[in-house]
Amino acid sequence: MTAYVKNVWYMAAWADEIVGDAMLPRTLLGKPWLIWRKADGSYAMIADRCPHRFVPLSMGTRVGDTVQCRYHGLRFDGTGTCVHSPFPGDPPTHVTAPAMPIVEKHRGLWFWPGDPALAVPAKIPDFSFLDEERGMHRGVLRIEGNYELITDNLMDLTHAEFLHIETFGVNGSIFHGTQTVRHDDDNTRGGAIWNNWDMTEAEPPEWSKPMLEPGAKIDQWLYMRWHAPAAMALTVGLAKSGTQRADLIVPPMINPHIITPETETSSHYFYDHEDNEQAAEMARRVFIEEDEPMIEAAQRALGTQDFWDARPAILKTDAGAIRARRALMQMRKAEDTTTSV
């Protein structure tokens, strides 16, 4: 089967990564691409390789809504068409660069690598909470690991009891919680897989104890929502036990965890956190010091071996991650079948 699902929206960047006339080169799905914002506010995304002599177009310059190759001066518009040549005669119509549909939604730039006729923005997963002015910093991290390994990490939050002891401080509560995995059908966005944990009468995280009476217990919930290929949102809630979640300790927190393959063994991880030094330090510890080394170690151990060929042990708590993997397998198979017809 093909390495990537094609007829689905992937996130290429945060919109605020591109300022003014800047161009953003980024490797996505194993190929180099170039993204820029046009004068009308829309975006363009074309291959970051001049079709003439193959140098990166990102080495060139912006000329209005076009990009001029630094090598021989050919200019390309947002469709990848050569619209200007400094040499006599009309621009060569046979010289084109591949392009992909790209749109801005929920503060992100989303691209569609499949059939352009199927690129309907309504199919972008619902991250409308990102549209709110929440005072958040949006970041991107590059991880040397396959995007499905990162999905495994996010769709099985039990690892927090071992890997995030000091940062999350869940204090063993998840071992006494109830896991629910469900698949919501959604004809618009292809459906969502939820991996939810509900804990009652749990020991509160260390950071929340100053807000509680000594010895108080909490109800806590950790809900992870997944959309293909790897667009996830995590909701975390804490309330005083016995209040039916009415007496919240802090407002529910919801954050994006959106993964886009750079290559088959590396990924871009899009996330956000509160825009202050304490939150930035927490994100650095969780992502860079705790999650990233484990994911990269798993990738090194697998190498180029297929995940299923490695015969992974499957635990009950893996249910959400396995459903996500199987959903992608079905999507790839369906696309391979369609392509071969």
# chains A, B, ... in the order shown; residues from 1 in each chain; ligands from 1

$ residues_around --residues "Gly108 of chain A" --least-positions-apart "6" --cutoff "7 Å" --atoms "only C-alpha atoms" --output "list of chain:residue names"
A:Met11, A:Ala13, A:Trp14, A:Ala15

$ write_last_selection --atoms "N, CA, C and O atoms" --output "PDB file, in the first residue's frame"
ATOM      1  N   MET A  11      -2.090  19.231   7.951  1.00  0.00           N
ATOM      2  CA  MET A  11      -1.665  20.580   8.334  1.00  0.00           C
ATOM      3  C   MET A  11      -0.222  20.797   7.905  1.00  0.00           C
ATOM      4  O   MET A  11       0.657  19.984   8.196  1.00  0.00           O
ATOM      5  N   ALA A  13       1.362  24.063   8.311  1.00  0.00           N
ATOM      6  CA  ALA A  13       2.002  25.087   9.133  1.00  0.00           C
ATOM      7  C   ALA A  13       0.929  25.834   9.904  1.00  0.00           C
ATOM      8  O   ALA A  13      -0.271  25.753   9.591  1.00  0.00           O
ATOM      9  N   TRP A  14       1.352  26.549  10.924  1.00  0.00           N
ATOM     10  CA  TRP A  14       0.494  27.568  11.512  1.00  0.00           C
ATOM     11  C   TRP A  14       0.504  28.779  10.584  1.00  0.00           C
ATOM     12  O   TRP A  14       1.547  29.091   9.984  1.00  0.00           O
ATOM     13  N   ALA A  15      -0.620  29.459  10.471  1.00  0.00           N
ATOM     14  CA  ALA A  15      -0.676  30.619   9.583  1.00  0.00           C
ATOM     15  C   ALA A  15       0.313  31.695  10.000  1.00  0.00           C
ATOM     16  O   ALA A  15       0.893  32.382   9.144  1.00  0.00           O
TER      17      ALA A  15
END

$ residues_around --residues "segment 299-306 of chain A" --least-positions-apart "5" --cutoff "12 Å" --atoms "only C-alpha atoms" --output "count of residues only"
20

$ residues_around --residues "Lys316 of chain A" --least-positions-apart "5" --cutoff "12 Å" --atoms "only C-alpha atoms" --output "list in words"
Asp156, Thr158, Thr178, Gln179, Thr180, Val181, Asn195, Ala321, Ile322 and Arg323 of chain A

$ write_last_selection --atoms "N, CA, C and O atoms" --output "compact mmCIF listing (two decimals), in the first residue's frame"
# COMPACT_ATOMS: atom_id res chain seq x y z
N ASP A 156 -2.75 6.67 23.69
CA ASP A 156 -2.67 5.83 24.89
C ASP A 156 -2.04 6.66 26.00
O ASP A 156 -0.82 6.69 26.16
N THR A 158 -1.97 6.27 29.09
CA THR A 158 -1.47 5.60 30.29
C THR A 158 0.01 5.83 30.50
O THR A 158 0.52 5.70 31.62
N THR A 178 -11.76 4.44 34.06
CA THR A 178 -12.50 3.67 33.07
C THR A 178 -12.17 4.20 31.69
O THR A 178 -12.29 5.41 31.43
N GLN A 179 -11.77 3.30 30.80
CA GLN A 179 -11.44 3.67 29.42
C GLN A 179 -12.63 3.38 28.52
O GLN A 179 -13.25 2.32 28.60
N THR A 180 -12.93 4.34 27.65
CA THR A 180 -13.99 4.17 26.65
C THR A 180 -13.43 4.56 25.29
O THR A 180 -12.89 5.66 25.14
N VAL A 181 -13.56 3.67 24.34
CA VAL A 181 -13.12 3.97 22.97
C VAL A 181 -14.34 3.90 22.06
O VAL A 181 -15.09 2.93 22.10
N ASN A 195 -10.59 8.27 22.44
CA ASN A 195 -10.03 7.44 23.50
C ASN A 195 -10.16 8.23 24.80
O ASN A 195 -9.43 9.19 25.03
N ALA A 321 -5.44 3.62 19.84
CA ALA A 321 -4.35 3.71 18.87
C ALA A 321 -4.51 2.67 17.77
O ALA A 321 -4.27 2.97 16.58
N ILE A 322 -4.91 1.47 18.13
CA ILE A 322 -5.07 0.41 17.13
C ILE A 322 -6.22 0.72 16.18
O ILE A 322 -6.14 0.49 14.97
N ARG A 323 -7.29 1.28 16.71
CA ARG A 323 -8.41 1.68 15.83
C ARG A 323 -7.96 2.74 14.83
O ARG A 323 -8.35 2.70 13.67

$ select_by_dssp --residues "segment 33-210 of chain A" --states "helix (DSSP H, G or I)" --output "PyMOL selection string"
chain A and resi 57-59+116-118+121-123+128-131+147-155+157-163+173-176+206-210

$ write_last_selection --atoms "C-alpha atoms" --output "compact mmCIF listing (two decimals), in the first residue's frame"
# COMPACT_ATOMS: atom_id res chain seq x y z
CA LEU A 57 12.67 27.83 -5.46
CA SER A 58 12.98 28.89 -1.82
CA MET A 59 16.44 30.19 -2.77
CA PRO A 116 -8.01 18.29 -6.08
CA ALA A 117 -11.67 17.85 -7.04
CA LEU A 118 -12.27 16.30 -3.62
CA PRO A 121 -12.53 22.67 3.19
CA ALA A 122 -15.56 21.47 5.16
CA LYS A 123 -13.71 18.16 5.58
CA SER A 128 -12.72 25.79 16.08
CA PHE A 129 -11.53 26.24 19.67
CA LEU A 130 -8.30 27.52 18.11
CA ASP A 131 -10.23 30.44 16.64
CA TYR A 147 3.62 9.96 12.60
CA GLU A 148 1.74 6.81 13.60
CA LEU A 149 4.21 6.17 16.42
CA ILE A 150 3.38 9.66 17.71
CA THR A 151 -0.32 8.86 17.36
CA ASP A 152 0.24 5.71 19.42
CA ASN A 153 1.77 7.88 22.14
CA LEU A 154 -1.11 10.34 22.18
CA MET A 155 -3.92 7.81 21.87
CA LEU A 157 -2.40 8.28 27.75
CA THR A 158 -1.47 5.60 30.29
CA HIS A 159 2.17 6.40 29.58
CA ALA A 160 1.67 9.61 31.58
CA GLU A 161 1.80 7.51 34.77
CA PHE A 162 5.41 6.60 33.98
CA LEU A 163 6.81 9.19 31.59
CA SER A 173 -5.44 7.71 39.09
CA ILE A 174 -5.60 6.35 35.54
CA PHE A 175 -5.09 2.80 36.83
CA HIS A 176 -8.42 3.10 38.65
CA GLU A 206 0.36 17.80 42.74
CA TRP A 207 -0.13 21.12 40.99
CA SER A 208 -3.83 21.20 41.92
CA LYS A 209 -3.47 20.39 45.65
CA PRO A 210 -3.00 24.02 46.74

$ atom_distance --atom1 "atom CA of Thr27 of chain A" --atom2 "atom CA of Thr93 of chain A"
26.4 Å
